[in-house]
Amino acid sequence: MSKKIFALFSVLMVATMLLTACGPKATPTKAPVVTEAPVVTEAPPAAFECTDAIGCVDVAPGDPVHIAYLLVVAGPNETLGIDSRNGIEIAIDDSGGMILDHDVKFDGEDGGCAAEGGQAAGTKLAADTSIVAVIGTSCSSEARAAEPLLSAAGFVVISPSNTAPDLTEAGNKNNYPGYLRTAHNDKIQGAVAAKFAWEFLGVKSAATIHDGSLYADKLQAVFADNFKQMGGTITLQTAVDPNQTDMASVMADIATGTPELIYFPIFLPAGGLIVRQAKTTPGLENTKLMGADGLFSPDVVTAAGDDVEGFMVSSPLLTGAAYDEFVAKYETKFGKKPISIFHAHAYDAYMMIKAAIEAVAVVDADGTLHIGRQALRDAMYATKDFSGLTGVLTCTATGDCANPTIGAYQYHKGTYPPELIWPE
Amino acid sequence: MLRTFRQRITITDIVIWAIGLAIAIMVVWGTISTLQSGKYATGTWLDLTIKGLAVGGVYALIAMGYTLVYGILRMINFAHSEVFMSGPFTAVFLANALAQSGFLNKQPLLSMLLITLLSMAVSAVVAMLLERIAYRRLRYAPRLVPLITAIGASFFLQYVFRGLYGSGFKGYPTVTSLQGSWNFLGIEVYKTQIVVIISAILMMVILYGIVQWTKIGRAMRAVSEDKEAAELMGINVDRIIVFTFVLGGASAGAAGILYILLFPVVWFFMGFIPSIKAFTAAVLGGIGNVAGAFVGAMLLGLLESIGPNLFLDGLGVVNPSQLKDAIAFIVLVLILIFRPSGILGERVTQTKA
């Protein structure tokens, strides 16, 4: 019996391998055409032949263009991903639900804000060849696991909220082809946070906590480097587990260095529990507490209760008439103000994809779309002076598209969103 | 004499004892060098001790569920973590409703009582259903079968509650009268921690009383010693087993409320870590033994709280607090190697025999 299953399994394995082996690579290998310039809507060729280096997506008349998301839409950090998804839905509404007269099919997977979830969701999405582009991931750790899979599948991946520096660092092995982001790079956020702490708060010593996630680890390192350069002292760089509840011993450890500020750019629920437990640790009752954009969420107020008073976070500063109009639409559609911060970034990500598809797609007389995957990537990287909600965006060759202003916010008891306190 | 002694000692024994000795030396050396360095003030140690005892009290109440069920059915109820989670995860709705109406801070005692009762009731019902639906049919199956069923039931319950209340977490409101601290002989002690320790001890005494001094408790002990003989003596074994699950469930529900006083955040996965620690505590104290569960839990809470800073800091370990869980589980492994019956385990077997 088990032998039979084994045999069946092996046959399936071999079949899968064969299928994957002659998938996209089986396209005729003419010299790869560099498609910088947008091509064509006039006089379509009799039969379209795909000349793209990594294959094409064909969308038959009446079929939708498939855009997927890979965001955290369940679990403790769900507001982060749901907020981004809401932003994309508004972008789809704003563009009439169409790209080049085709409907848009928009669905996706939850990545759970962790490498494991990213891996699972990435595997699932990578198997769906109808996908043109993926908007995601929410968390940098998800990207680390999902990005190799999605990149190999030939998709364009654009993240509204990954901020870890190495994802777009030239020459870094974690910078994959086809990856872009509309979120800021944490080299900027960490430096701004250090500047805020040093200049505005006037603190001279700080301790940092990360939770082992790619985002938190890199961000606290950037913060610490900048803070030290300005002349500050870092008393301790420590870490907690993302699901840890009891912070007593780590707090005791931090208290021995008597820092004036604790900087913990982590997630929920650990971030909220640190806020609570710092207040009940001898020596840390009045220490200033600061997080980053991962802790910009109404759930912070829930998790930290009354102790949230005075807790500070850094986060992108979004302003402008277009943004206010967007917020109004958000409120009408979802019945509440934006629940996190990366909604506008997601909106811009979708609009950039739409613009790039419109630039490179070849349209047959009957309405069939042919989208070259490499051509789409090139068009995305070539995005220049794109006017979005988060500013005027220009992408670098490695995929950094953001044009961020970072502000500092302070929470008050029972209210959300927190108050902007810097720049004044 | 010497020959038989030599025959009894195997290489494995020597290796195990060497490991034990190495760990003991490390602990002593780490402790001495930490204390010598004077990095932590006396106040810090006291603070950590009280926090450790508070967490230990919660573990003790959860451990009761494991130990009572093991005592009677000789099975580890791995779904107990979800019994623990179900109570506070349900009571959070009541707590938030009370907070919104302002009743919580006007009548803190009455509201906390209501919240605790709801939590205990929900946990008890979940435990009862678990026994009725998942375990009763398997009572005479091989021992591995109910164990695997328990793991399955654990996942099932987790995802049922995820479906019911959502995958995000929920926060408990702050009880104003429990905030702040008391000055106790020059030491600042936080009110919540004292409340947790005292309630945990009180509840452990009540549970111990039920098992030792009531009629149904005597029946429980009889079933635990010999099911068939107990049945012949006219004890309704099914009813006693249901009662055991209800008792364990209710104490887990109460533990849940004490837990949220310390860490006021609930979500569907919250049961896993505290319960696995409570299981460790039950084994540490001697599984199947009520007093043992209490001793083991308090000891584990203390070790976990003080251990990283006391044992490891002096050894130059960076960020010792991250090894908190490692300490708890090393304790479990060491107990299983050196004293599988637990701290109080043997005494009970003797009195039983």
# chains A, B, ... in the order shown; residues from 1 in each chain; ligands from 1

call {"tool": "closest_atom_pairs", "arguments": {"of": "segment 116-213 of chain A", "to": "segment 269-276 of chain A", "cutoff": "10 Å", "atoms": "only C-alpha atoms", "output": "tab-separated table"}}
result
residue	atom	partner	partner_atom	distance
A:Ile209	CA	A:Gly271	CA	9.7
A:His210	CA	A:Gly271	CA	9.7
A:Asp211	CA	A:Ala270	CA	8.4

call {"tool": "select_by_dssp", "arguments": {"residues": "segment 307-407 of chain A", "states": "alpha helix (DSSP H)", "output": "PyMOL selection string"}}
result
chain A and resi 321-334+343-360+373-381

call {"tool": "residues_around", "arguments": {"residues": "Leu268 of chain A", "least_positions_apart": "4", "cutoff": "7 Å", "atoms": "only C-alpha atoms", "output": "list in words"}}
result
Pro76, Asn77, Gly272 and Leu295 of chain A

call {"tool": "write_last_selection", "arguments": {"atoms": "C-alpha atoms", "output": "short mmCIF file (atom, residue, chain, number, x, y, z; two decimals), in the first residue's frame"}}
result
data_model
loop_
_atom_site.label_atom_id
_atom_site.label_comp_id
_atom_site.auth_asym_id
_atom_site.auth_seq_id
_atom_site.Cartn_x
_atom_site.Cartn_y
_atom_site.Cartn_z
CA PRO A 76 -2.17 40.46 15.53
CA ASN A 77 -0.81 42.74 12.80
CA GLY A 272 2.12 47.00 23.51
CA LEU A 295 3.39 50.28 16.05
#

call {"tool": "residues_around", "arguments": {"residues": "Gly399 of chain A", "least_positions_apart": "5", "cutoff": "7 Å", "atoms": "only C-alpha atoms", "output": "JSON, numbers by chain"}}
result
{"A": [168, 179, 180, 181, 381]}

call {"tool": "residues_around", "arguments": {"residues": "segment 154-171 of chain B", "least_positions_apart": "3", "cutoff": "8 Å", "atoms": "only C-alpha atoms", "output": "PyMOL selection string"}}
result
(chain A and resi 74-78+269+299+302-305) or (chain B and resi 78-82+86+92+150-151+264-269)

call {"tool": "closest_atom_pairs", "arguments": {"of": "chain B", "to": "chain A", "cutoff": "9 Å", "atoms": "only C-alpha atoms", "output": "JSON lines"}}
result
{"residue": "B:Lys39", "atom": "CA", "partner": "A:Thr256", "partner_atom": "CA", "distance": 6.6}
{"residue": "B:Tyr40", "atom": "CA", "partner": "A:Thr256", "partner_atom": "CA", "distance": 6.4}
{"residue": "B:Ala41", "atom": "CA", "partner": "A:Thr256", "partner_atom": "CA", "distance": 8.3}
{"residue": "B:Gly43", "atom": "CA", "partner": "A:Pro282", "partner_atom": "CA", "distance": 7.8}
{"residue": "B:Thr44", "atom": "CA", "partner": "A:Ala252", "partner_atom": "CA", "distance": 6.7}
{"residue": "B:Trp45", "atom": "CA", "partner": "A:Ala252", "partner_atom": "CA", "distance": 8.9}
{"residue": "B:Asp47", "atom": "CA", "partner": "A:Pro282", "partner_atom": "CA", "distance": 7.7}
{"residue": "B:Leu48", "atom": "CA", "partner": "A:Ala248", "partner_atom": "CA", "distance": 6.8}
{"residue": "B:Lys51", "atom": "CA", "partner": "A:Ala248", "partner_atom": "CA", "distance": 7.3}
{"residue": "B:Gly52", "atom": "CA", "partner": "A:Ala248", "partner_atom": "CA", "distance": 8.6}
{"residue": "B:Val55", "atom": "CA", "partner": "A:Asp246", "partner_atom": "CA", "distance": 8.7}
{"residue": "B:Gly166", "atom": "CA", "partner": "A:Gly75", "partner_atom": "CA", "distance": 8.0}
{"residue": "B:Ser167", "atom": "CA", "partner": "A:Gly75", "partner_atom": "CA", "distance": 4.5}
{"residue": "B:Gly168", "atom": "CA", "partner": "A:Pro76", "partner_atom": "CA", "distance": 4.4}
{"residue": "B:Phe169", "atom": "CA", "partner": "A:Pro76", "partner_atom": "CA", "distance": 5.5}
{"residue": "B:Lys170", "atom": "CA", "partner": "A:Thr302", "partner_atom": "CA", "distance": 6.8}
{"residue": "B:Gly171", "atom": "CA", "partner": "A:Ala303", "partner_atom": "CA", "distance": 4.9}
{"residue": "B:Tyr172", "atom": "CA", "partner": "A:Thr302", "partner_atom": "CA", "distance": 7.6}
{"residue": "B:Pro173", "atom": "CA", "partner": "A:Gly305", "partner_atom": "CA", "distance": 6.5}
{"residue": "B:Thr174", "atom": "CA", "partner": "A:Gly305", "partner_atom": "CA", "distance": 6.3}
{"residue": "B:Gly180", "atom": "CA", "partner": "A:Thr280", "partner_atom": "CA", "distance": 8.3}
{"residue": "B:Ser181", "atom": "CA", "partner": "A:Thr280", "partner_atom": "CA", "distance": 8.7}
{"residue": "B:Glu188", "atom": "CA", "partner": "A:Pro282", "partner_atom": "CA", "distance": 8.1}
{"residue": "B:Tyr190", "atom": "CA", "partner": "A:Thr280", "partner_atom": "CA", "distance": 7.2}
{"residue": "B:Leu262", "atom": "CA", "partner": "A:Asp246", "partner_atom": "CA", "distance": 8.5}
{"residue": "B:Phe263", "atom": "CA", "partner": "A:Thr245", "partner_atom": "CA", "distance": 6.4}
{"residue": "B:Pro264", "atom": "CA", "partner": "A:Ala303", "partner_atom": "CA", "distance": 7.2}
{"residue": "B:Val265", "atom": "CA", "partner": "A:Ala303", "partner_atom": "CA", "distance": 6.0}
{"residue": "B:Trp267", "atom": "CA", "partner": "A:Pro76", "partner_atom": "CA", "distance": 8.0}
{"residue": "B:Met270", "atom": "CA", "partner": "A:Asn243", "partner_atom": "CA", "distance": 8.7}
{"residue": "B:Ile273", "atom": "CA", "partner": "A:Gln244", "partner_atom": "CA", "distance": 8.8}
{"residue": "B:Glu304", "atom": "CA", "partner": "A:Ser249", "partner_atom": "CA", "distance": 8.6}
{"residue": "B:Ser305", "atom": "CA", "partner": "A:Ser249", "partner_atom": "CA", "distance": 6.1}
{"residue": "B:Ile306", "atom": "CA", "partner": "A:Ser249", "partner_atom": "CA", "distance": 7.2}
{"residue": "B:Gly307", "atom": "CA", "partner": "A:Ser249", "partner_atom": "CA", "distance": 8.8}
{"residue": "B:Pro308", "atom": "CA", "partner": "A:Ser249", "partner_atom": "CA", "distance": 7.2}
{"residue": "B:Asn309", "atom": "CA", "partner": "A:Ser249", "partner_atom": "CA", "distance": 6.8}
{"residue": "B:Val318", "atom": "CA", "partner": "A:Thr238", "partner_atom": "CA", "distance": 8.2}
{"residue": "B:Asn319", "atom": "CA", "partner": "A:Thr238", "partner_atom": "CA", "distance": 5.7}
{"residue": "B:Pro320", "atom": "CA", "partner": "A:Val250", "partner_atom": "CA", "distance": 7.9}
{"residue": "B:Ser321", "atom": "CA", "partner": "A:Val250", "partner_atom": "CA", "distance": 5.1}
{"residue": "B:Gln322", "atom": "CA", "partner": "A:Val240", "partner_atom": "CA", "distance": 6.1}
{"residue": "B:Lys324", "atom": "CA", "partner": "A:Ser249", "partner_atom": "CA", "distance": 8.3}

call {"tool": "atom_distance", "arguments": {"atom1": "atom CA of Leu53 of chain B", "atom2": "atom CA of Val126 of chain B"}}
result
27.9 Å

call {"tool": "select_by_dssp", "arguments": {"residues": "segment 41-254 of chain B", "states": "strand (DSSP E)", "output": "list in words"}}
result
Lys170, Gly171, Ser181, Trp182, Asn183, Phe184, Ile187, Glu188, Val189 and Tyr190 of chain B

call {"tool": "residues_around", "arguments": {"residues": "Val192 of chain A", "least_positions_apart": "3", "cutoff": "10 Å", "atoms": "only C-alpha atoms", "output": "ChimeraX atom specification"}}
result
/A:186-189,195-198,222-223,226-227,314-315,405-408

call {"tool": "write_last_selection", "arguments": {"atoms": "N, CA and C atoms", "output": "PDB file, in the first residue's frame"}}
result
ATOM      1  N   ASP A 186      14.376  52.111   5.507  1.00  0.00           N
ATOM      2  CA  ASP A 186      14.606  52.389   6.926  1.00  0.00           C
ATOM      3  C   ASP A 186      15.922  53.094   7.213  1.00  0.00           C
ATOM      4  N   LYS A 187      16.804  53.183   6.196  1.00  0.00           N
ATOM      5  CA  LYS A 187      17.992  54.016   6.382  1.00  0.00           C
ATOM      6  C   LYS A 187      17.537  55.436   6.683  1.00  0.00           C
ATOM      7  N   ILE A 188      16.413  55.821   6.066  1.00  0.00           N
ATOM      8  CA  ILE A 188      15.879  57.173   6.297  1.00  0.00           C
ATOM      9  C   ILE A 188      15.161  57.226   7.636  1.00  0.00           C
ATOM     10  N   GLN A 189      14.248  56.247   7.875  1.00  0.00           N
ATOM     11  CA  GLN A 189      13.458  56.299   9.097  1.00  0.00           C
ATOM     12  C   GLN A 189      14.341  56.226  10.347  1.00  0.00           C
ATOM     13  N   LYS A 195      17.617  61.446  14.982  1.00  0.00           N
ATOM     14  CA  LYS A 195      17.677  62.910  14.998  1.00  0.00           C
ATOM     15  C   LYS A 195      16.588  63.470  15.920  1.00  0.00           C
ATOM     16  N   PHE A 196      15.394  62.895  15.810  1.00  0.00           N
ATOM     17  CA  PHE A 196      14.272  63.326  16.652  1.00  0.00           C
ATOM     18  C   PHE A 196      14.614  63.122  18.137  1.00  0.00           C
ATOM     19  N   ALA A 197      15.181  61.958  18.449  1.00  0.00           N
ATOM     20  CA  ALA A 197      15.499  61.646  19.843  1.00  0.00           C
ATOM     21  C   ALA A 197      16.554  62.600  20.378  1.00  0.00           C
ATOM     22  N   TRP A 198      17.551  62.862  19.558  1.00  0.00           N
ATOM     23  CA  TRP A 198      18.686  63.680  19.997  1.00  0.00           C
ATOM     24  C   TRP A 198      18.307  65.153  20.074  1.00  0.00           C
ATOM     25  N   VAL A 222      20.209  50.864  12.446  1.00  0.00           N
ATOM     26  CA  VAL A 222      20.381  52.174  11.812  1.00  0.00           C
ATOM     27  C   VAL A 222      20.225  53.281  12.856  1.00  0.00           C
ATOM     28  N   PHE A 223      19.199  53.121  13.704  1.00  0.00           N
ATOM     29  CA  PHE A 223      18.966  54.106  14.763  1.00  0.00           C
ATOM     30  C   PHE A 223      20.194  54.217  15.664  1.00  0.00           C
ATOM     31  N   ASN A 226      23.230  55.927  13.988  1.00  0.00           N
ATOM     32  CA  ASN A 226      23.056  57.376  13.866  1.00  0.00           C
ATOM     33  C   ASN A 226      23.126  58.078  15.215  1.00  0.00           C
ATOM     34  N   PHE A 227      22.514  57.422  16.219  1.00  0.00           N
ATOM     35  CA  PHE A 227      22.470  58.024  17.549  1.00  0.00           C
ATOM     36  C   PHE A 227      23.878  58.138  18.124  1.00  0.00           C
ATOM     37  N   SER A 314       7.652  56.873  15.104  1.00  0.00           N
ATOM     38  CA  SER A 314       7.975  57.584  13.876  1.00  0.00           C
ATOM     39  C   SER A 314       7.163  56.942  12.767  1.00  0.00           C
ATOM     40  N   SER A 315       6.793  57.745  11.796  1.00  0.00           N
ATOM     41  CA  SER A 315       5.943  57.226  10.734  1.00  0.00           C
ATOM     42  C   SER A 315       5.929  58.222   9.587  1.00  0.00           C
ATOM     43  N   THR A 405       8.675  61.780   3.777  1.00  0.00           N
ATOM     44  CA  THR A 405       8.921  62.680   4.883  1.00  0.00           C
ATOM     45  C   THR A 405       8.511  61.891   6.117  1.00  0.00           C
ATOM     46  N   ILE A 406       9.390  61.799   7.087  1.00  0.00           N
ATOM     47  CA  ILE A 406       9.055  61.038   8.287  1.00  0.00           C
ATOM     48  C   ILE A 406       8.737  62.011   9.414  1.00  0.00           C
ATOM     49  N   GLY A 407       7.662  61.745  10.115  1.00  0.00           N
ATOM     50  CA  GLY A 407       7.300  62.570  11.266  1.00  0.00           C
ATOM     51  C   GLY A 407       7.307  61.750  12.533  1.00  0.00           C
ATOM     52  N   ALA A 408       7.198  62.423  13.677  1.00  0.00           N
ATOM     53  CA  ALA A 408       7.087  61.704  14.942  1.00  0.00           C
ATOM     54  C   ALA A 408       5.713  61.998  15.536  1.00  0.00           C
TER      55      ALA A 408
END

call {"tool": "residues_around", "arguments": {"residues": "Leu149 of chain A", "least_positions_apart": "3", "cutoff": "8 Å", "atoms": "only C-alpha atoms", "output": "list in words"}}
result
Gly122, Thr123, Ala126, Ala145, Ala146, Ala152 and Ala153 of chain A

call {"tool": "write_last_selection", "arguments": {"atoms": "N, CA and C atoms", "output": "PDB file, in the first residue's frame"}}
result
ATOM      1  N   GLY A 122       3.864  32.807  -0.717  1.00  0.00           N
ATOM      2  CA  GLY A 122       4.670  32.991  -1.923  1.00  0.00           C
ATOM      3  C   GLY A 122       4.613  31.770  -2.822  1.00  0.00           C
ATOM      4  N   THR A 123       4.686  30.579  -2.227  1.00  0.00           N
ATOM      5  CA  THR A 123       4.626  29.343  -3.005  1.00  0.00           C
ATOM      6  C   THR A 123       3.303  29.261  -3.746  1.00  0.00           C
ATOM      7  N   ALA A 126       3.157  31.954  -6.534  1.00  0.00           N
ATOM      8  CA  ALA A 126       4.109  31.705  -7.621  1.00  0.00           C
ATOM      9  C   ALA A 126       3.581  30.641  -8.573  1.00  0.00           C
ATOM     10  N   ALA A 145      11.324  35.694   2.579  1.00  0.00           N
ATOM     11  CA  ALA A 145      10.995  34.317   2.220  1.00  0.00           C
ATOM     12  C   ALA A 145      10.234  34.224   0.908  1.00  0.00           C
ATOM     13  N   ALA A 146       9.368  35.202   0.633  1.00  0.00           N
ATOM     14  CA  ALA A 146       8.491  35.101  -0.541  1.00  0.00           C
ATOM     15  C   ALA A 146       9.159  35.619  -1.807  1.00  0.00           C
ATOM     16  N   ALA A 152      11.328  34.524  -9.120  1.00  0.00           N
ATOM     17  CA  ALA A 152      11.583  33.438 -10.063  1.00  0.00           C
ATOM     18  C   ALA A 152      10.368  33.178 -10.940  1.00  0.00           C
ATOM     19  N   ALA A 153       9.178  33.470 -10.412  1.00  0.00           N
ATOM     20  CA  ALA A 153       7.968  33.257 -11.204  1.00  0.00           C
ATOM     21  C   ALA A 153       7.777  34.348 -12.250  1.00  0.00           C
TER      22      ALA A 153
END

call {"tool": "atom_distance", "arguments": {"atom1": "atom CA of Gly108 of chain A", "atom2": "atom CA of Lys124 of chain A"}}
result
9.4 Å
